[in-house]
$ cat start_26.cif   # mmCIF, C-alpha atoms and all ligand atoms
data_entry
loop_
_atom_site.label_atom_id
_atom_site.label_comp_id
_atom_site.auth_asym_id
_atom_site.auth_seq_id
_atom_site.Cartn_x
_atom_site.Cartn_y
_atom_site.Cartn_z
CA MET A 1 7.97 -108.63 -145.27
CA ALA A 2 7.19 -111.44 -142.89
CA SER A 3 7.85 -113.56 -139.84
CA ILE A 4 7.52 -117.36 -139.82
CA ARG A 5 6.65 -119.59 -136.90
CA PHE A 6 6.62 -123.36 -136.41
CA ASP A 7 4.56 -124.58 -133.46
CA ASN A 8 5.39 -128.19 -132.67
CA VAL A 9 5.44 -129.17 -136.35
CA THR A 10 5.80 -132.85 -137.21
CA LYS A 11 6.03 -134.43 -140.65
CA ARG A 12 5.55 -138.14 -141.20
CA PHE A 13 5.87 -139.94 -144.52
CA VAL A 14 4.58 -143.35 -145.41
CA ASP A 15 7.59 -145.63 -145.23
CA GLU A 16 7.13 -147.79 -148.33
CA LYS A 17 9.84 -150.26 -147.38
CA ASN A 18 8.57 -151.10 -143.90
CA GLY A 19 4.92 -150.28 -144.47
CA GLY A 20 4.85 -148.00 -141.40
CA MET A 21 5.43 -144.27 -141.02
CA PHE A 22 8.74 -142.44 -141.10
CA THR A 23 9.08 -139.21 -139.14
CA ALA A 24 11.15 -136.70 -141.11
CA VAL A 25 10.57 -133.75 -138.74
CA HIS A 26 9.88 -134.23 -135.02
CA GLY A 27 7.89 -131.52 -133.21
CA ALA A 28 9.87 -128.55 -134.52
CA SER A 29 9.24 -125.16 -132.88
CA PHE A 30 10.99 -121.93 -133.80
CA GLU A 31 10.33 -118.37 -134.88
CA ILE A 32 12.02 -116.56 -137.76
CA LYS A 33 11.78 -112.82 -137.36
CA ASP A 34 10.79 -110.37 -140.06
CA GLN A 35 13.82 -109.62 -142.29
CA GLU A 36 15.94 -112.26 -140.62
CA PHE A 37 18.38 -114.50 -142.55
CA VAL A 38 18.05 -117.97 -141.04
CA VAL A 39 19.94 -121.04 -142.21
CA PHE A 40 18.84 -124.66 -141.75
CA VAL A 41 21.90 -126.88 -141.61
CA GLY A 42 22.48 -130.56 -140.98
CA PRO A 43 23.57 -133.78 -142.67
CA SER A 44 21.77 -135.35 -145.62
CA GLY A 45 18.29 -136.58 -144.76
CA CYS A 46 17.91 -134.54 -141.55
CA GLY A 47 14.71 -132.83 -142.75
CA LYS A 48 15.91 -129.49 -144.16
CA THR A 49 14.12 -129.62 -147.51
CA THR A 50 11.00 -131.04 -145.90
CA SER A 51 10.90 -128.11 -143.46
CA LEU A 52 11.37 -125.61 -146.28
CA ARG A 53 8.66 -127.25 -148.38
CA MET A 54 6.27 -127.05 -145.44
CA ILE A 55 6.89 -123.29 -145.17
CA ALA A 56 6.19 -122.97 -148.90
CA GLY A 57 3.06 -125.10 -148.58
CA LEU A 58 4.38 -127.70 -151.03
CA GLU A 59 4.23 -130.28 -148.24
CA ARG A 60 1.49 -130.41 -145.62
CA GLN A 61 2.64 -131.02 -142.03
CA THR A 62 1.17 -134.03 -140.22
CA ASP A 63 0.87 -132.16 -136.94
CA GLY A 64 1.32 -128.69 -135.48
CA ASP A 65 0.84 -125.19 -136.88
CA ILE A 66 2.77 -123.02 -139.31
CA LEU A 67 2.23 -119.27 -139.02
CA ILE A 68 3.27 -116.52 -141.40
CA ASP A 69 3.00 -113.01 -139.98
CA GLY A 70 1.05 -114.44 -137.05
CA ARG A 71 -1.58 -116.05 -139.28
CA VAL A 72 -2.01 -119.84 -139.34
CA VAL A 73 -1.39 -120.92 -142.95
CA ASN A 74 -1.91 -124.69 -142.55
CA THR A 75 -4.52 -124.78 -145.28
CA VAL A 76 -3.31 -121.83 -147.36
CA HIS A 77 -2.35 -122.77 -150.92
CA PRO A 78 1.35 -122.30 -151.88
CA LYS A 79 0.57 -119.57 -154.40
CA ASP A 80 -1.31 -117.59 -151.76
CA ARG A 81 1.58 -117.67 -149.27
CA ASP A 82 3.58 -114.99 -151.10
CA ILE A 83 6.78 -117.00 -150.95
CA ALA A 84 9.46 -117.55 -153.60
CA MET A 85 11.56 -120.68 -153.56
CA VAL A 86 14.88 -121.17 -155.35
CA PHE A 87 15.83 -124.81 -155.72
CA GLN A 88 19.20 -126.43 -156.15
CA ASP A 89 18.51 -127.31 -159.81
CA TYR A 90 17.50 -123.83 -160.92
CA ALA A 91 15.89 -124.86 -164.21
CA LEU A 92 15.90 -121.87 -166.55
CA TYR A 93 14.04 -121.96 -169.87
CA PRO A 94 16.93 -122.69 -172.26
CA HIS A 95 15.35 -121.20 -175.40
CA MET A 96 14.42 -117.92 -173.71
CA SER A 97 16.67 -114.91 -173.14
CA ILE A 98 17.54 -113.96 -169.59
CA SER A 99 15.14 -111.05 -169.86
CA ASP A 100 12.30 -113.42 -170.82
CA ASN A 101 13.28 -115.88 -168.11
CA LEU A 102 13.01 -113.10 -165.55
CA SER A 103 9.71 -111.72 -166.80
CA PHE A 104 7.98 -115.03 -167.55
CA GLY A 105 6.21 -115.35 -164.20
CA LEU A 106 4.96 -111.78 -164.21
CA LYS A 107 3.68 -112.10 -167.80
CA ASN A 108 1.79 -115.22 -166.80
CA MET A 109 0.19 -113.25 -164.01
CA GLY A 110 -0.97 -110.72 -166.60
CA ARG A 111 0.97 -107.78 -165.15
CA PRO A 112 1.26 -104.62 -167.28
CA ALA A 113 4.37 -104.32 -169.45
CA SER A 114 5.61 -101.17 -167.70
CA GLU A 115 5.57 -102.87 -164.30
CA ILE A 116 7.31 -105.95 -165.69
CA LYS A 117 10.06 -103.87 -167.23
CA GLU A 118 10.58 -101.93 -164.03
CA LYS A 119 10.87 -105.08 -161.91
CA VAL A 120 13.12 -106.94 -164.34
CA ASP A 121 15.41 -103.91 -164.62
CA TYR A 122 15.55 -103.62 -160.85
CA ALA A 123 16.40 -107.32 -160.31
CA ALA A 124 18.97 -107.28 -163.14
CA ASN A 125 20.58 -104.22 -161.63
CA VAL A 126 20.68 -105.65 -158.10
CA LEU A 127 22.24 -108.87 -159.38
CA GLY A 128 24.64 -107.34 -161.89
CA LEU A 129 22.86 -108.94 -164.85
CA SER A 130 21.87 -105.80 -166.77
CA HIS A 131 24.44 -106.34 -169.53
CA LEU A 132 23.41 -109.98 -169.99
CA LEU A 133 19.66 -109.65 -170.49
CA ASP A 134 19.74 -110.64 -174.18
CA ARG A 135 21.76 -113.80 -173.64
CA LYS A 136 20.47 -117.35 -173.46
CA PRO A 137 21.22 -119.43 -170.34
CA LYS A 138 23.74 -121.58 -172.22
CA GLU A 139 25.79 -118.46 -172.97
CA MET A 140 26.29 -117.77 -169.28
CA SER A 141 28.46 -119.15 -166.49
CA GLY A 142 27.03 -121.23 -163.66
CA GLY A 143 27.21 -118.30 -161.27
CA GLN A 144 25.40 -116.03 -163.71
CA ARG A 145 22.67 -118.61 -164.26
CA GLN A 146 22.38 -118.95 -160.51
CA ARG A 147 21.82 -115.21 -160.25
CA VAL A 148 19.08 -115.41 -162.87
CA ALA A 149 17.34 -118.02 -160.71
CA VAL A 150 17.56 -115.67 -157.75
CA GLY A 151 16.38 -112.84 -160.01
CA ARG A 152 13.22 -114.76 -160.90
CA ALA A 153 12.43 -114.84 -157.19
CA ILE A 154 13.22 -111.14 -156.74
CA VAL A 155 10.90 -109.91 -159.49
CA ARG A 156 8.03 -111.52 -157.65
CA ASN A 157 8.85 -109.32 -154.65
CA PRO A 158 7.71 -112.01 -152.20
CA LYS A 159 7.39 -111.71 -148.44
CA VAL A 160 9.75 -114.63 -147.93
CA PHE A 161 12.62 -116.14 -149.92
CA LEU A 162 13.36 -119.83 -149.51
CA PHE A 163 16.66 -121.18 -150.85
CA ASP A 164 17.38 -124.89 -151.02
CA GLU A 165 21.13 -125.49 -151.50
CA PRO A 166 21.21 -122.93 -154.33
CA LEU A 167 25.01 -122.85 -154.57
CA SER A 168 25.81 -126.54 -154.49
CA ASN A 169 26.44 -126.76 -158.25
CA LEU A 170 29.03 -124.01 -158.26
CA ASP A 171 32.78 -124.35 -157.91
CA ALA A 172 34.39 -123.27 -154.65
CA LYS A 173 35.41 -119.80 -155.85
CA LEU A 174 32.03 -118.97 -157.38
CA ARG A 175 30.34 -120.21 -154.23
CA VAL A 176 32.27 -117.76 -152.10
CA GLN A 177 31.41 -114.95 -154.53
CA MET A 178 27.69 -115.84 -154.60
CA ARG A 179 27.68 -116.13 -150.82
CA ILE A 180 28.84 -112.54 -150.52
CA GLU A 181 26.30 -111.43 -153.11
CA LEU A 182 23.47 -113.18 -151.28
CA ALA A 183 24.44 -111.54 -147.99
CA GLN A 184 24.46 -108.13 -149.70
CA LEU A 185 21.19 -108.90 -151.44
CA HIS A 186 19.60 -109.66 -148.09
CA LYS A 187 20.65 -106.26 -146.77
CA ARG A 188 19.45 -104.46 -149.89
CA LEU A 189 16.05 -106.16 -150.07
CA GLY A 190 15.38 -106.32 -146.36
CA ALA A 191 13.72 -109.68 -147.02
CA THR A 192 13.07 -112.63 -144.73
CA ILE A 193 15.30 -115.43 -146.01
CA VAL A 194 15.36 -119.10 -145.07
CA TYR A 195 18.35 -120.87 -146.55
CA VAL A 196 19.08 -124.59 -146.54
CA THR A 197 22.56 -126.06 -146.79
CA HIS A 198 24.52 -129.05 -145.51
CA ASP A 199 27.70 -126.96 -145.62
CA GLN A 200 28.49 -125.57 -142.20
CA VAL A 201 30.82 -122.90 -143.60
CA GLU A 202 27.99 -121.56 -145.76
CA ALA A 203 25.69 -121.66 -142.73
CA MET A 204 28.17 -119.80 -140.53
CA THR A 205 28.91 -117.09 -143.09
CA LEU A 206 25.32 -116.41 -144.21
CA GLY A 207 23.08 -117.03 -141.22
CA GLN A 208 22.18 -114.43 -138.65
CA ARG A 209 20.82 -117.42 -136.81
CA ILE A 210 21.31 -121.08 -137.61
CA VAL A 211 18.96 -123.98 -136.99
CA VAL A 212 21.09 -127.13 -136.59
CA MET A 213 19.14 -130.31 -137.37
CA ASN A 214 19.90 -133.99 -137.10
CA GLN A 215 17.59 -136.89 -137.95
CA GLY A 216 14.53 -134.65 -137.90
CA HIS A 217 15.31 -133.12 -134.50
CA ILE A 218 16.36 -129.52 -133.95
CA GLN A 219 19.63 -129.65 -132.01
CA GLN A 220 20.17 -125.95 -131.37
CA ILE A 221 19.07 -122.55 -132.70
CA ALA A 222 21.61 -119.78 -132.21
CA SER A 223 23.90 -117.24 -133.85
CA PRO A 224 27.05 -118.56 -135.54
CA ARG A 225 29.18 -117.18 -132.74
CA GLU A 226 27.05 -118.79 -130.05
CA LEU A 227 27.03 -122.18 -131.83
CA TYR A 228 30.81 -122.10 -132.04
CA ARG A 229 31.36 -120.99 -128.48
CA ASN A 230 28.58 -122.76 -126.65
CA PRO A 231 27.42 -125.81 -128.61
CA ALA A 232 24.51 -127.47 -126.82
CA ASN A 233 25.71 -131.02 -127.39
CA MET A 234 28.33 -133.19 -129.06
CA PHE A 235 26.44 -133.23 -132.36
CA VAL A 236 26.53 -129.44 -132.72
CA ALA A 237 30.09 -129.30 -131.37
CA GLY A 238 31.23 -131.81 -134.00
CA PHE A 239 29.21 -130.29 -136.85
CA ILE A 240 30.07 -126.60 -136.50
CA GLY A 241 33.72 -125.71 -136.98
CA SER A 242 36.30 -126.92 -139.46
CA PRO A 243 38.11 -129.17 -138.89
CA PRO A 244 35.59 -130.43 -136.32
CA MET A 245 36.06 -130.34 -132.56
CA ASN A 246 38.22 -133.11 -131.07
CA PHE A 247 36.66 -135.36 -128.45
CA PHE A 248 38.71 -137.12 -125.76
CA ASP A 249 37.63 -139.81 -123.30
CA ALA A 250 38.40 -138.35 -119.89
CA VAL A 251 37.91 -138.99 -116.18
CA LEU A 252 37.31 -136.06 -113.86
CA GLU A 253 39.72 -136.07 -110.88
CA GLY A 254 39.02 -133.00 -108.73
CA ASN A 255 40.36 -130.02 -110.65
CA LYS A 256 42.00 -132.17 -113.31
CA LEU A 257 41.01 -134.34 -116.25
CA ARG A 258 42.80 -137.61 -116.84
CA VAL A 259 43.02 -138.13 -120.61
CA GLY A 260 45.08 -141.21 -121.51
CA ASP A 261 48.37 -140.59 -119.71
CA MET A 262 47.87 -136.82 -119.72
CA LEU A 263 46.61 -134.86 -116.74
CA LEU A 264 44.99 -131.57 -117.82
CA GLU A 265 44.01 -128.83 -115.41
CA ILE A 266 40.52 -127.34 -115.52
CA PRO A 267 40.33 -123.50 -115.32
CA ALA A 268 40.01 -122.66 -111.61
CA ASP A 269 36.77 -120.70 -112.01
CA ARG A 270 35.00 -123.64 -113.65
CA VAL A 271 36.03 -126.49 -111.30
CA ALA A 272 32.95 -126.10 -109.10
CA ASP A 273 30.60 -126.49 -112.09
CA TYR A 274 31.65 -130.09 -112.70
CA GLN A 275 31.99 -131.63 -109.24
CA GLY A 276 28.91 -133.79 -109.74
CA TYR A 277 31.02 -135.67 -112.29
CA ASN A 278 34.01 -136.25 -110.01
CA GLY A 279 35.49 -139.73 -110.59
CA LYS A 280 33.23 -140.29 -113.60
CA ASP A 281 33.84 -140.79 -117.32
CA ILE A 282 33.27 -137.60 -119.24
CA ILE A 283 34.00 -136.29 -122.74
CA LEU A 284 36.43 -133.43 -123.22
CA GLY A 285 35.96 -131.33 -126.36
CA LEU A 286 38.79 -129.16 -127.62
CA ARG A 287 38.90 -127.54 -131.06
CA PRO A 288 41.93 -128.04 -133.35
CA GLU A 289 42.71 -124.31 -133.09
CA ASP A 290 43.00 -124.62 -129.29
CA ILE A 291 45.83 -127.17 -129.46
CA HIS A 292 49.08 -125.30 -130.15
CA ASP A 293 52.65 -126.08 -131.12
CA ILE A 294 54.45 -124.86 -127.98
CA ASP A 295 56.84 -122.75 -130.08
CA PHE A 296 53.85 -120.72 -131.31
CA ALA A 297 51.71 -120.62 -128.16
CA TYR A 298 51.38 -116.87 -127.68
CA ASN A 299 49.01 -115.10 -125.31
CA ILE A 300 47.49 -118.28 -123.92
CA PRO A 301 48.08 -120.22 -120.69
CA THR A 302 50.80 -122.81 -121.38
CA HIS A 303 50.76 -124.99 -118.26
CA ASN A 304 48.75 -127.81 -119.89
CA GLN A 305 51.34 -129.54 -122.06
CA ALA A 306 51.85 -132.98 -123.49
CA ARG A 307 54.27 -134.71 -125.84
CA VAL A 308 52.68 -136.83 -128.51
CA GLN A 309 53.80 -138.82 -131.53
CA VAL A 310 52.68 -137.15 -134.77
CA GLU A 311 51.17 -139.46 -137.38
CA VAL A 312 50.49 -137.07 -140.28
CA VAL A 313 50.98 -133.37 -141.09
CA GLU A 314 48.95 -131.57 -143.76
CA HIS A 315 50.32 -128.25 -145.00
CA LEU A 316 47.57 -125.78 -145.92
CA GLY A 317 49.80 -122.72 -146.25
CA ALA A 318 48.67 -120.33 -143.53
CA GLU A 319 48.31 -123.25 -141.13
CA ASN A 320 49.17 -126.92 -140.76
CA LEU A 321 46.92 -129.71 -139.57
CA VAL A 322 48.77 -132.12 -137.31
CA TYR A 323 47.22 -135.52 -136.56
CA PHE A 324 48.03 -137.69 -133.55
CA ARG A 325 46.28 -140.32 -131.49
CA VAL A 326 45.07 -140.19 -127.90
CA GLY A 327 43.77 -143.61 -126.95
CA GLU A 328 41.60 -144.80 -129.82
CA ARG A 329 40.75 -141.34 -131.03
CA MET A 330 42.49 -139.44 -133.83
CA ILE A 331 43.11 -135.85 -132.75
CA THR A 332 43.70 -132.83 -135.01
CA ALA A 333 45.72 -129.77 -134.03
CA LYS A 334 45.65 -126.68 -136.22
CA VAL A 335 49.06 -125.06 -135.83
CA ALA A 336 50.79 -122.06 -137.37
CA GLY A 337 51.99 -122.46 -140.98
CA GLU A 338 55.53 -121.65 -139.77
CA SER A 339 55.50 -124.60 -137.35
CA SER A 340 58.26 -127.09 -138.19
CA ILE A 341 56.45 -130.15 -136.79
CA THR A 342 56.70 -133.05 -139.24
CA THR A 343 55.43 -136.61 -139.46
CA GLY A 344 57.02 -138.91 -136.88
CA ASP A 345 58.09 -136.05 -134.53
CA THR A 346 57.23 -136.08 -130.83
CA PRO A 347 56.66 -132.36 -130.22
CA THR A 348 55.11 -130.73 -127.19
CA PHE A 349 51.61 -129.34 -127.62
CA VAL A 350 49.85 -126.83 -125.43
CA PHE A 351 46.21 -127.60 -124.68
CA ASN A 352 44.34 -124.34 -124.08
CA MET A 353 41.90 -125.55 -121.45
CA ASP A 354 40.31 -122.09 -121.17
CA LYS A 355 38.53 -123.16 -124.39
CA MET A 356 37.52 -126.64 -123.22
CA HIS A 357 34.00 -128.05 -123.50
CA LEU A 358 32.80 -130.90 -121.30
CA PHE A 359 30.03 -133.30 -122.28
CA ASP A 360 28.06 -135.94 -120.44
CA LYS A 361 29.17 -139.25 -121.90
CA THR A 362 25.67 -140.75 -121.83
CA THR A 363 23.40 -137.88 -122.89
CA GLU A 364 26.10 -136.17 -125.04
CA GLN A 365 24.78 -132.84 -123.73
CA ARG A 366 27.20 -130.09 -122.74
CA ILE A 367 27.64 -129.68 -118.99
N1 LIG A 401 8.03 -137.85 -150.18
C1 LIG A 401 8.71 -138.56 -149.28
N2 LIG A 401 8.32 -139.82 -148.93
C2 LIG A 401 9.01 -140.53 -148.01
N3 LIG A 401 10.08 -140.08 -147.35
C3 LIG A 401 10.53 -138.85 -147.65
C4 LIG A 401 9.87 -138.02 -148.62
N4 LIG A 401 10.54 -136.85 -148.70
C5 LIG A 401 11.56 -136.95 -147.83
N5 LIG A 401 11.55 -138.14 -147.19
C6 LIG A 401 12.51 -138.57 -146.16
O1 LIG A 401 12.53 -137.62 -145.12
C7 LIG A 401 13.84 -137.41 -144.65
C8 LIG A 401 14.18 -135.95 -144.75
O2 LIG A 401 14.28 -135.60 -146.12
P1 LIG A 401 14.74 -134.16 -146.60
O3 LIG A 401 14.63 -134.12 -148.07
O4 LIG A 401 14.00 -133.13 -145.83
O5 LIG A 401 16.28 -134.16 -146.16
P2 LIG A 401 17.37 -133.04 -146.34
O6 LIG A 401 17.80 -132.63 -144.97
O7 LIG A 401 16.88 -131.98 -147.24
O8 LIG A 401 18.58 -133.85 -147.00
P3 LIG A 401 19.58 -133.46 -148.21
O9 LIG A 401 20.70 -132.67 -147.58
O10 LIG A 401 20.07 -134.79 -148.67
O11 LIG A 401 18.81 -132.71 -149.25
C9 LIG A 401 14.74 -138.32 -145.48
O12 LIG A 401 15.03 -139.48 -144.72
C10 LIG A 401 13.91 -138.65 -146.69
O13 LIG A 401 14.22 -139.93 -147.17
MG MG A 402 17.40 -131.39 -149.19
#
$ encode --input "start_26.cif" --output "structure tokens"
Amino acid sequence: MASIRFDNVTKRFVDEKNGGMFTAVHGASFEIKDQEFVVFVGPSGCGKTTSLRMIAGLERQTDGDILIDGRVVNTVHPKDRDIAMVFQDYALYPHMSISDNLSFGLKNMGRPASEIKEKVDYAANVLGLSHLLDRKPKEMSGGQRQRVAVGRAIVRNPKVFLFDEPLSNLDAKLRVQMRIELAQLHKRLGATIVYVTHDQVEAMTLGQRIVVMNQGHIQQIASPRELYRNPANMFVAGFIGSPPMNFFDAVLEGNKLRVGDMLLEIPADRVADYQGYNGKDIILGLRPEDIHDIDFAYNIPTHNQARVQVEVVEHLGAENLVYFRVGERMITAKVAGESSITTGDTPTFVFNMDKMHLFDKTTEQRI
């Protein structure tokens, strides 16, 4: 298997509209370890596919080096990089059986029939396709076709698998099922996998580490847990987590934060960290799950309380999303499904400030 490294990699495209150059990836540096499952995540146009295509060699970087297993591959042809890529639109040959779809690449490479059969049987077995080998793609469900596309990559036994939004055509239930299968597949194959998605839930559930990108810049590289707990800046804080983190305009006053007409106390052991910001505007970040209906605030400090006017309540079953306004900003609280808060109420919420994040208002970096 293989490790992948980007050393200060930049990709510029000719910008046809403005006649200049457009930078899709700005000086990206990272290392993906052998057998690691890494996810690239970020909004549309942030440079995910471009980065993946540069690893595959389908796109040549403008600047910097790409290394596979410690070897610079800048000029190595895609077919000599030993990489398999599964795209979003996993075009299968419609007139061929699944078996033929799986073996097509190997046949083209002139491999012996016994080897082809062995590899196709292995991939079909791993992916639960053995009983479907005689079918045509149109006789299969979307999830099954998706697995065939993955199977075509497996039979090649590549050093690296690249996936570009491979599940985006599937319905929500199938996506969850395929997600689990991909995670298991990774364990079974012990392969290095780079996976692109704009869906942060998919990123969090699949990635051992996640590369968060925005507008061609890497924002943070960390484990799902670390991204959730210690986001490097407001972009990551607002992107990872669902519903996203709430942001409040605040002023630091000693050991307290003034937020609208609320005064929230900072945990005693963290007060010293922020004194450079005393008297200044600052952004408070608090996730929806850290704002509680006071009737259901168990095992958390309850001294930071405020009454607010509820604008909307959404009932999701296990939990309710409660929306209210602080200043200009709409705030979301995720409360217990049993909570009786309804639209128009003025209930008391508990703000669990042990979970607070503070950001510099100008740089948007976490402090
Ligand atoms: N061949 C090209 N020529 C010019 N610009 C390009 C080219 N390919 C990509 N871009 C631009 O580079 C940026 C990054 O594109 P990329 O396809 O990597 O985004 P992405 O993160 O994969 O987005 P999505 O989630 O929509 O697939 C975009 O602004 C895109 O318009
Ligand atoms: Mg893309």
$ atom_distance --input "start_26.cif" --atom1 "atom CA of Asp7 of chain A" --atom2 "atom CA of Ser51 of chain A"
12.4 Å
$ closest_atom_pairs --input "start_26.cif" --of "chain A" --to "ligand LIG 401 (chain A)" --cutoff "6 Å" --atoms "all atoms listed in the file" --output "tab-separated table"
residue	atom	partner	partner_atom	distance
A:Phe13	CA	A:LIG401	C2	4.7
A:Val14	CA	A:LIG401	C2	5.9
A:Asp15	CA	A:LIG401	C2	6.0
A:Ala24	CA	A:LIG401	O1	4.3
A:Pro43	CA	A:LIG401	O9	5.8
A:Ser44	CA	A:LIG401	O9	3.5
A:Gly45	CA	A:LIG401	O5	3.4
A:Cys46	CA	A:LIG401	O6	3.9
A:Gly47	CA	A:LIG401	O4	3.2
A:Lys48	CA	A:LIG401	O6	3.8
A:Thr49	CA	A:LIG401	O7	3.6
A:Thr50	CA	A:LIG401	O4	3.7
A:His198	CA	A:LIG401	O9	5.7
$ closest_residue --input "start_26.cif" --among "A:Ala237, A:Val196, A:Val38, A:Val86" --to "ligand MG 402 (chain A)" --atoms "all atoms listed in the file"
A:Val196
$ atom_distance --input "start_26.cif" --atom1 "atom CA of Ser340 of chain A" --atom2 "atom CA of Ile294 of chain A"
11.1 Å
$ closest_residue --input "start_26.cif" --among "A:Asn214, A:Asn125, A:Ser339, A:Thr332" --to "Val41 of chain A" --atoms "all atoms listed in the file"
A:Asn214
$ residues_around --input "start_26.cif" --residues "Arg329 of chain A" --least-positions-apart "3" --cutoff "12 Å" --atoms "all atoms listed in the file" --output "MDAnalysis selection string"
chainID A and resid 246:250 259:260 283:284 323:326 332
$ residues_around --input "start_26.cif" --residues "segment 129-146 of chain A" --least-positions-apart "4" --cutoff "12 Å" --atoms "only C-alpha atoms" --output "PyMOL selection string"
chain A and resi 86-103+117+120-125+150-153+163+165-179+181-182
$ closest_residue --input "start_26.cif" --among "A:Gly254, A:Pro347, A:Gly241, A:Gly317" --to "Glu289 of chain A" --atoms "all atoms listed in the file"
A:Gly241
$ residues_around --input "start_26.cif" --residues "Leu206 of chain A" --least-positions-apart "6" --cutoff "10 Å" --atoms "all atoms listed in the file" --output "ChimeraX atom specification"
/A:37-39,179-180,182-184,186,195,200,224
$ atom_distance --input "start_26.cif" --atom1 "atom CA of Ala306 of chain A" --atom2 "atom CA of Phe359 of chain A"
21.9 Å
$ closest_residue --input "start_26.cif" --among "A:Ala232, A:Val148, A:Leu52, A:Ile266" --to "ligand MG 402 (chain A)" --atoms "all atoms listed in the file"
A:Leu52
$ axis_aligned_box --input "start_26.cif" --around "segment 279-298 of chain A" --padding-each-side "3 Å" --output "JSON"
{"center_x": 45.0, "center_y": -128.8, "center_z": -122.0, "size_x": 29.6, "size_y": 29.9, "size_z": 28.8}
